[in-house]
>>> print(open('protein-v5.cif').read())   # mmCIF, C-alpha atoms and all ligand atoms
data_work
loop_
_atom_site.label_atom_id
_atom_site.label_comp_id
_atom_site.auth_asym_id
_atom_site.auth_seq_id
_atom_site.Cartn_x
_atom_site.Cartn_y
_atom_site.Cartn_z
CA MET M 276 30.22 -13.11 -10.41
CA ARG M 277 28.34 -9.84 -10.77
CA THR M 278 26.88 -8.41 -7.56
CA VAL M 279 23.58 -6.53 -7.41
CA THR M 280 22.85 -4.67 -4.19
CA VAL M 281 19.17 -4.62 -3.25
CA GLY M 282 18.10 -1.91 -0.81
CA THR M 283 15.17 -1.98 1.59
CA ARG M 284 13.93 -0.73 4.93
CA GLY M 285 14.89 -2.99 7.81
CA SER M 286 11.44 -3.85 9.20
CA THR M 287 10.41 -7.50 9.42
CA LEU M 288 7.96 -7.00 6.57
CA ALA M 289 10.40 -5.08 4.37
CA LEU M 290 13.06 -7.76 4.86
CA ALA M 291 10.61 -10.61 4.25
CA GLN M 292 9.43 -9.10 0.99
CA THR M 293 12.97 -8.27 -0.11
CA ARG M 294 14.13 -11.82 0.58
CA TRP M 295 11.23 -13.03 -1.55
CA VAL M 296 12.22 -10.63 -4.35
CA VAL M 297 15.86 -11.72 -4.18
CA ALA M 298 14.87 -15.40 -4.30
CA ARG M 299 12.77 -14.70 -7.40
CA LEU M 300 15.57 -12.67 -9.02
CA LYS M 301 18.06 -15.44 -8.26
CA GLU M 302 15.83 -17.93 -10.11
CA GLU M 303 15.97 -15.69 -13.17
CA TRP M 304 19.65 -14.71 -12.80
CA PRO M 305 21.46 -17.69 -11.21
CA GLU M 306 24.86 -16.31 -12.24
CA THR M 307 24.32 -13.06 -10.35
CA ASP M 308 25.07 -12.53 -6.67
CA PHE M 309 22.41 -10.52 -4.81
CA ARG M 310 23.07 -8.85 -1.50
CA ILE M 311 20.58 -7.04 0.71
CA GLN M 312 21.38 -3.64 2.21
CA THR M 313 18.99 -2.21 4.82
CA ILE M 314 18.42 1.53 5.02
CA SER M 315 16.61 3.48 7.71
CA THR M 316 14.05 6.03 6.44
CA GLY M 317 12.32 9.08 7.91
CA GLY M 318 9.35 6.85 8.68
CA ASP M 319 11.56 4.49 10.68
CA LYS M 320 13.37 7.24 12.57
CA ASN M 321 10.40 9.43 13.29
CA ARG M 322 7.46 7.58 14.72
CA GLY M 323 5.76 10.93 15.19
CA SER M 324 2.10 11.71 15.04
CA LEU M 325 0.09 11.41 11.89
CA SER M 326 -0.35 15.17 11.69
CA GLU M 327 3.41 15.55 11.88
CA MET M 328 3.72 13.19 8.93
CA ALA M 329 1.07 15.10 7.05
CA GLN M 330 2.89 18.39 7.63
CA LYS M 331 6.01 17.05 6.02
CA GLY M 332 3.86 16.09 3.09
CA ASP M 333 3.13 12.43 2.65
CA LYS M 334 5.44 12.16 -0.33
CA GLY M 335 8.28 9.78 0.21
CA PHE M 336 8.17 9.46 3.96
CA TRP M 337 9.22 5.81 3.74
CA VAL M 338 11.38 6.04 0.62
CA LYS M 339 13.54 9.19 0.47
CA GLU M 340 16.71 7.75 2.02
CA ILE M 341 16.39 4.65 -0.14
CA GLU M 342 16.04 6.75 -3.29
CA ASP M 343 19.10 8.78 -2.25
CA ALA M 344 21.05 5.52 -1.94
CA LEU M 345 19.95 4.55 -5.48
CA LEU M 346 20.99 7.92 -6.90
CA GLN M 347 24.34 7.70 -5.10
CA LYS M 348 24.82 4.13 -6.43
CA ARG M 349 25.11 2.65 -2.95
CA ILE M 350 22.34 0.27 -4.02
CA ASP M 351 21.18 -0.91 -7.47
CA ILE M 352 17.58 -1.99 -6.94
CA ALA M 353 15.20 -0.77 -4.24
CA VAL M 354 12.26 -2.84 -3.04
CA HIS M 355 9.23 -0.89 -1.80
CA SER M 356 5.68 -1.66 -0.76
CA LEU M 357 3.99 -0.08 -3.73
CA LYS M 358 1.32 1.65 -1.69
CA ASP M 359 4.00 3.60 0.20
CA LEU M 360 5.65 4.82 -3.00
CA PRO M 361 4.67 8.26 -4.33
CA THR M 362 3.01 8.17 -7.75
CA VAL M 363 5.88 10.14 -9.32
CA GLN M 364 9.55 9.12 -9.00
CA PRO M 365 12.40 11.64 -8.63
CA GLU M 366 14.44 12.65 -11.68
CA GLY M 367 16.74 9.79 -12.69
CA LEU M 368 14.76 6.99 -11.02
CA GLU M 369 11.96 4.76 -12.27
CA VAL M 370 9.82 1.83 -11.25
CA SER M 371 11.24 -0.79 -13.57
CA SER M 372 9.42 -3.86 -12.31
CA ILE M 373 6.23 -4.81 -10.48
CA PRO M 374 6.14 -8.42 -9.31
CA LYS M 375 2.91 -10.41 -9.02
CA ARG M 376 0.59 -8.98 -6.42
CA VAL M 377 -0.60 -10.93 -3.39
CA ASP M 378 -4.01 -10.42 -1.74
CA ALA M 379 -4.95 -6.71 -1.87
CA ARG M 380 -7.58 -6.88 0.88
CA ASP M 381 -7.55 -5.61 4.43
CA VAL M 382 -8.20 -8.04 7.24
CA LEU M 383 -9.63 -8.01 10.75
CA ILE M 384 -7.89 -9.64 13.68
CA GLY M 385 -9.82 -9.64 16.92
CA LYS M 386 -9.99 -10.96 20.42
CA GLU M 387 -12.27 -13.88 21.29
CA GLY M 388 -15.82 -13.01 20.17
CA MET M 389 -14.49 -10.08 18.08
CA LYS M 390 -13.48 -11.98 14.99
CA LYS M 391 -16.11 -10.76 12.49
CA LEU M 392 -16.66 -7.11 11.64
CA ALA M 393 -20.43 -7.47 11.28
CA ASP M 394 -20.70 -9.17 14.69
CA LEU M 395 -18.65 -6.68 16.74
CA PRO M 396 -20.61 -5.23 19.64
CA LYS M 397 -21.56 -1.56 19.62
CA GLY M 398 -18.65 0.59 20.77
CA ALA M 399 -15.99 -2.04 20.09
CA ARG M 400 -12.51 -0.48 19.91
CA ILE M 401 -10.72 -0.97 16.59
CA GLY M 402 -7.06 -0.10 16.12
CA THR M 403 -5.73 1.46 12.92
CA SER M 404 -3.74 4.54 12.00
CA SER M 405 -4.90 4.59 8.39
CA VAL M 406 -7.28 7.46 7.57
CA ARG M 407 -8.71 5.30 4.79
CA ARG M 408 -9.49 2.36 7.07
CA LYS M 409 -10.90 4.69 9.72
CA ALA M 410 -13.19 6.52 7.28
CA PHE M 411 -14.53 3.40 5.57
CA LEU M 412 -14.99 1.66 8.93
CA MET M 413 -16.97 4.62 10.33
CA ALA M 414 -19.08 4.68 7.16
CA TYR M 415 -19.96 1.00 7.61
CA ARG M 416 -20.29 0.92 11.40
CA PRO M 417 -20.49 4.45 12.87
CA ASP M 418 -21.05 2.93 16.30
CA LEU M 419 -17.52 1.52 16.49
CA GLN M 420 -14.63 3.41 18.10
CA VAL M 421 -11.47 3.80 16.08
CA ILE M 422 -8.32 4.08 18.17
CA ASP M 423 -5.03 5.24 16.68
CA LEU M 424 -2.52 2.40 16.32
CA ARG M 425 0.89 2.72 14.74
CA GLY M 426 3.97 0.57 14.54
CA ASN M 427 5.17 -2.52 12.77
CA ILE M 428 3.07 -5.67 12.46
CA ASP M 429 4.33 -7.24 15.70
CA THR M 430 3.58 -4.08 17.68
CA ARG M 431 0.09 -3.92 16.24
CA LEU M 432 -0.67 -7.60 16.89
CA GLY M 433 0.72 -7.11 20.39
CA VAL M 434 -2.00 -4.69 21.45
CA LEU M 435 -4.57 -7.49 21.26
CA ALA M 436 -2.93 -8.85 24.40
CA THR M 437 -3.75 -5.58 26.21
CA PRO M 438 -7.19 -4.34 27.37
CA ASP M 439 -7.04 -1.26 25.08
CA TYR M 440 -8.18 -2.73 21.77
CA ASP M 441 -10.79 -5.30 20.75
CA ALA M 442 -9.65 -5.78 17.15
CA ILE M 443 -7.27 -4.33 14.58
CA ILE M 444 -7.26 -3.92 10.82
CA LEU M 445 -4.16 -4.65 8.75
CA ALA M 446 -3.27 -5.40 5.15
CA ALA M 447 -3.53 -9.12 4.37
CA ALA M 448 -0.32 -8.81 2.35
CA GLY M 449 1.85 -7.92 5.33
CA LEU M 450 0.67 -10.97 7.26
CA ILE M 451 0.96 -13.28 4.27
CA ARG M 452 4.52 -12.14 3.54
CA THR M 453 5.65 -12.56 7.13
CA GLU M 454 4.07 -16.03 7.34
CA MET M 455 1.34 -14.95 9.75
CA ARG M 456 -1.63 -15.70 7.50
CA ASN M 457 -2.96 -17.96 10.25
CA ARG M 458 -3.54 -14.87 12.45
CA ILE M 459 -6.17 -13.50 10.03
CA ASP M 460 -9.72 -13.76 11.40
CA GLU M 461 -11.67 -12.15 8.55
CA PHE M 462 -10.86 -10.90 5.07
CA LEU M 463 -12.72 -7.62 4.59
CA GLU M 464 -14.32 -7.55 1.16
CA PRO M 465 -13.74 -4.52 -1.07
CA ASP M 466 -17.46 -3.62 -0.96
CA ILE M 467 -16.94 -2.66 2.70
CA MET M 468 -13.25 -1.82 2.97
CA LEU M 469 -11.85 -0.81 -0.42
CA PRO M 470 -8.06 -1.40 -0.30
CA ALA M 471 -5.43 1.31 -0.71
CA PRO M 472 -4.20 1.87 -4.26
CA GLY M 473 -1.36 -0.59 -4.82
CA GLN M 474 -1.93 -2.52 -1.60
CA GLY M 475 -0.42 -6.00 -1.76
CA ALA M 476 1.97 -5.11 -4.57
CA LEU M 477 5.70 -4.40 -4.56
CA ALA M 478 7.73 -2.03 -6.71
CA LEU M 479 11.34 -2.46 -7.80
CA GLU M 480 12.93 0.92 -8.38
CA THR M 481 16.19 1.49 -10.27
CA ARG M 482 18.17 4.28 -11.87
CA ALA M 483 16.36 4.96 -15.14
CA ASP M 484 19.57 4.81 -17.22
CA ASP M 485 20.94 1.68 -15.56
CA ASP M 486 20.01 -0.70 -18.41
CA LEU M 487 21.59 -3.73 -16.81
CA ASN M 488 19.71 -3.51 -13.51
CA VAL M 489 16.49 -2.42 -15.21
CA GLU M 490 16.71 -5.70 -17.14
CA VAL M 491 17.55 -7.68 -14.00
CA ALA M 492 14.50 -6.26 -12.19
CA TYR M 493 12.18 -6.56 -15.19
CA ALA M 494 12.64 -10.35 -15.28
CA ILE M 495 10.07 -10.64 -12.46
CA HIS M 496 7.64 -8.04 -13.81
CA ASP M 497 3.96 -9.05 -13.91
CA HIS M 498 1.91 -7.32 -16.61
CA THR M 499 -1.50 -7.98 -15.07
CA THR M 500 -0.43 -6.54 -11.72
CA ASP M 501 1.09 -3.57 -13.55
CA ASP M 502 -2.18 -2.83 -15.39
CA ARG M 503 -4.18 -3.09 -12.16
CA ILE M 504 -1.95 -0.85 -10.09
CA THR M 505 -1.49 1.62 -12.96
CA ALA M 506 -5.26 2.16 -12.99
CA GLU M 507 -5.33 2.50 -9.19
CA ARG M 508 -2.40 4.91 -9.04
CA GLU M 509 -3.61 7.07 -11.94
CA PHE M 510 -6.86 7.39 -10.03
CA LEU M 511 -4.97 8.50 -6.90
CA ALA M 512 -2.78 10.90 -8.88
CA GLY M 513 -5.81 12.28 -10.73
CA LEU M 514 -7.41 13.15 -7.40
CA GLY M 515 -4.26 14.97 -6.33
CA ALA M 516 -4.30 12.79 -3.23
CA GLY M 517 -1.47 10.96 -1.48
CA CYS M 518 -1.40 8.05 0.93
CA MET M 519 -2.67 10.29 3.76
CA ALA M 520 -6.07 10.78 2.11
CA PRO M 521 -9.08 8.53 2.72
CA VAL M 522 -8.96 7.08 -0.78
CA GLY M 523 -9.46 3.48 -1.83
CA ALA M 524 -8.97 1.94 -5.26
CA HIS M 525 -9.13 -1.62 -6.46
CA ALA M 526 -8.82 -2.92 -10.01
CA THR M 527 -9.57 -6.41 -11.24
CA ILE M 528 -9.01 -7.86 -14.71
CA LYS M 529 -11.11 -10.60 -16.31
CA GLY M 530 -10.76 -11.56 -19.96
CA GLY M 531 -8.80 -8.41 -20.75
CA VAL M 532 -11.46 -6.15 -19.22
CA LEU M 533 -10.38 -3.98 -16.31
CA THR M 534 -12.89 -2.92 -13.66
CA LEU M 535 -11.72 -0.13 -11.36
CA GLU M 536 -13.59 0.76 -8.19
CA GLY M 537 -12.64 4.04 -6.50
CA TRP M 538 -13.82 5.70 -3.29
CA VAL M 539 -13.08 9.00 -1.57
CA ALA M 540 -14.39 9.57 1.96
CA ALA M 541 -14.79 12.28 4.54
CA LEU M 542 -12.33 11.63 7.36
CA ASP M 543 -15.17 10.81 9.77
CA GLY M 544 -16.90 8.49 7.30
CA THR M 545 -20.08 10.59 7.12
CA LYS M 546 -19.71 10.74 3.36
CA VAL M 547 -18.23 8.29 0.86
CA ILE M 548 -18.29 8.99 -2.88
CA ARG M 549 -18.03 5.74 -4.84
CA ALA M 550 -17.67 5.06 -8.55
CA THR M 551 -16.69 2.32 -10.98
CA SER M 552 -15.02 2.55 -14.37
CA ILE M 553 -14.63 -0.29 -16.87
CA GLY M 554 -12.56 -0.62 -20.01
CA ASP M 555 -9.91 -2.50 -21.94
CA ALA M 556 -6.96 -3.38 -19.67
CA GLY M 557 -4.67 -1.76 -22.26
CA GLU M 558 -6.30 1.56 -21.36
CA CYS M 559 -5.59 1.15 -17.64
CA ALA M 560 -4.09 4.62 -17.17
CA ASP M 561 -7.03 6.34 -18.89
CA ILE M 562 -9.53 4.33 -16.86
CA GLY M 563 -7.89 5.59 -13.65
CA ALA M 564 -7.77 9.19 -14.84
CA GLU M 565 -11.42 9.04 -15.97
CA LEU M 566 -12.57 7.68 -12.66
CA ALA M 567 -10.74 10.47 -10.81
CA ALA M 568 -12.34 13.10 -13.04
CA ASP M 569 -15.74 11.50 -12.46
CA LEU M 570 -15.33 11.61 -8.66
CA LEU M 571 -13.97 15.17 -8.72
CA ASP M 572 -17.10 16.18 -10.68
CA ARG M 573 -19.17 14.62 -7.94
CA GLY M 574 -17.63 16.53 -5.04
CA ALA M 575 -14.49 14.57 -4.17
CA GLN M 576 -12.25 17.66 -4.25
CA ALA M 577 -13.64 19.00 -0.97
CA LEU M 578 -12.99 15.64 0.70
CA VAL M 579 -9.41 15.45 -0.59
CA ASP M 580 -8.77 19.08 0.50
CA ALA M 581 -10.19 18.41 3.96
CA ALA M 582 -7.78 15.47 4.35
CA HIS M 583 -4.81 17.64 3.39
CA GLU M 584 -5.53 20.20 6.08
N1 LIG Z 601 1.65 1.55 5.47
C1 LIG Z 601 2.39 0.44 5.99
C2 LIG Z 601 2.36 -0.75 5.09
N2 LIG Z 601 2.89 -0.71 3.86
C3 LIG Z 601 2.70 -1.92 3.25
C4 LIG Z 601 2.05 -2.73 4.16
C5 LIG Z 601 1.73 -4.16 3.90
C6 LIG Z 601 0.78 -4.43 2.80
C7 LIG Z 601 1.17 -4.13 1.40
O1 LIG Z 601 2.22 -4.58 0.90
O2 LIG Z 601 0.38 -3.47 0.76
C8 LIG Z 601 1.83 -2.01 5.34
C9 LIG Z 601 1.19 -2.48 6.58
C10 LIG Z 601 -0.31 -2.38 6.59
O3 LIG Z 601 -0.88 -1.53 5.91
O4 LIG Z 601 -0.95 -3.15 7.32
#
>>> encode(input="protein-v5.cif", output="structure tokens", more="lines below")
Ligand SMILES: NCc1[nH]cc(CCC(=O)O)c1CC(=O)O
Amino acid sequence: MRTVTVGTRGSTLALAQTRWVVARLKEEWPETDFRIQTISTGGDKNRGSLSEMAQKGDKGFWVKEIEDALLQKRIDIAVHSLKDLPTVQPEGLEVSSIPKRVDARDVLIGKEGMKKLADLPKGARIGTSSVRRKAFLMAYRPDLQVIDLRGNIDTRLGVLATPDYDAIILAAAGLIRTEMRNRIDEFLEPDIMLPAPGQGALALETRADDDLNVEVAYAIHDHTTDDRITAEREFLAGLGAGCMAPVGAHATIKGGVLTLEGWVAALDGTKVIRATSIGDAGECADIGAELAADLLDRGAQALVDAAHE
């Protein structure tokens, strides 16, 4: 039996999503043996401050060691959360498969009486470490306090048992994949909290010349998800922004027509530039690039630059 080694970070979420990927691959390739290899990344080793992360450049903080393992053939397929993956892969590697996306939205989880964003009392303390969530939250409810909150899902849920936070914001996808959907109090709609580009989607990365494993991974590729996230990531790339910038993007496809919504915000939420671009789903990359150019024309560059400082 042929063995394919699938590499991932070792967090609960990373393992849950990798087990899901392996189960799907096994359905397509019953004669192949899949084993999971966990790899610790810079992001796992260094739970430093956000500014420290920004200094290193946001590129590849969660993926570098995994990509090294691919290049060195210690693993054959890497599973990543797509939103953590830089928009350009290193020489010799490619994203060869994008499985079907789950819910792209962010969600609110709060203490008793703090379970709906619109109903939170003035001054309520909301935990998140995402500059995007912070900026969009401040834009919607400038009276709320945003308190930095890092760590894996369990750590973040844990702070609701302390007096320090009233509610937290997380990606729905992480909770769904770790079977904690029942903890979600409110799904935040994209007209208030536009998701991160690629949120809720996974990426399978392989060596670009490894035809066999490219084919193995591609068996679970989802074209609609690919078109959506291509538009979102072209938008992000067109802005010259990485995952540390307060940028949201969300594409939907109905009847072959792709609608892409994109936002760039000031870090403190005092300004949000919003735009929409619509076109044939086959033109997904161009739609993303166009939307980025449109926002740059309308002053987004200064906001992206401010976030990079
Ligand atoms: N940056 C961390 C991260 N990367 C992927 C997810 C889960 C959601 C997804 O797959 O998009 C999370 C946690 C979160 O944002 O709450």
>>> residues_near_ligand(input="protein-v5.cif", ligand="ligand LIG 601 (chain Z)", cutoff="8 Å", atoms="all atoms listed in the file", output="number ranges by chain")
M: 288, 356-359, 379, 381, 405, 427-428, 444-450, 471, 473-477
>>> atom_distance(input="protein-v5.cif", atom1="atom CA of M:His498", atom2="atom CA of M:Arg456")
25.8 Å
>>> atom_distance(input="protein-v5.cif", atom1="atom CA of M:Gly282", atom2="atom CA of M:Thr362")
19.4 Å
>>> residues_around(input="protein-v5.cif", residues="stretch 500-511 of chain M", least_positions_apart="5", cutoff="8 Å", atoms="all atoms listed in the file", output="number ranges by chain")
M: 362, 373-376, 472-473, 476, 516-517, 522, 524-528, 533, 535, 537, 556-557, 559-567
>>> residues_around(input="protein-v5.cif", residues="M:Glu340", least_positions_apart="3", cutoff="12 Å", atoms="only C-alpha atoms", output="JSON, numbers by chain")
{"M": [282, 283, 284, 313, 314, 315, 316, 317, 318, 319, 320, 335, 336, 337, 343, 344, 345, 346, 347, 349, 350, 353]}
>>> closest_residue(input="protein-v5.cif", among="M:Ala393, M:Leu424, M:Ile467, M:Leu479", to="M:Thr293", atoms="all atoms listed in the file")
M:Leu479
>>> closest_residue(input="protein-v5.cif", among="M:Glu480, M:Glu464, M:Asp497, M:Asp429", to="M:Pro361", atoms="all atoms listed in the file")
M:Glu480
>>> atom_distance(input="protein-v5.cif", atom1="atom CA of M:Glu306", atom2="atom CA of M:Gly367")
27.3 Å
>>> closest_residue(input="protein-v5.cif", among="M:Ile401, M:Ala291, M:Leu368, M:Ile422", to="M:Ile451", atoms="all atoms listed in the file")
M:Ala291
>>> closest_residue(input="protein-v5.cif", among="M:Leu463, M:Ala540, M:Ala492, M:Val421", to="M:Arg380", atoms="only C-alpha atoms")
M:Leu463
>>> residues_around(input="protein-v5.cif", residues="stretch 483-485 of chain M", least_positions_apart="5", cutoff="9 Å", atoms="all atoms listed in the file", output="VMD selection string")
chain M and resid 351 366 to 371 490
>>> closest_atom_pairs(input="protein-v5.cif", of="stretch 393-419 of chain M", to="stretch 382-388 of chain M", cutoff="12 Å", atoms="only C-alpha atoms", output="Markdown table")
| residue | atom | partner | partner_atom | distance |
| --- | --- | --- | --- | --- |
| M:Ala393 | CA | M:Leu383 | CA | 10.8 |
| M:Asp394 | CA | M:Gly388 | CA | 8.3 |
| M:Leu395 | CA | M:Gly388 | CA | 7.7 |
| M:Pro396 | CA | M:Gly388 | CA | 9.2 |
| M:Ala399 | CA | M:Gly385 | CA | 10.3 |
| M:Arg400 | CA | M:Gly385 | CA | 10.0 |
| M:Ile401 | CA | M:Gly385 | CA | 8.7 |
| M:Gly402 | CA | M:Ile384 | CA | 9.9 |
| M:Thr403 | CA | M:Leu383 | CA | 10.5 |
| M:Arg408 | CA | M:Val382 | CA | 10.5 |
| M:Leu412 | CA | M:Leu383 | CA | 11.2 |
>>> closest_residue(input="protein-v5.cif", among="M:Thr534, M:Thr481, M:Asn457, M:Thr307", to="M:Ala550", atoms="all atoms listed in the file")
M:Thr534
>>> closest_residue(input="protein-v5.cif", among="M:Leu392, M:Val406, M:Ile443, M:Tyr493", to="M:Val296", atoms="all atoms listed in the file")
M:Tyr493
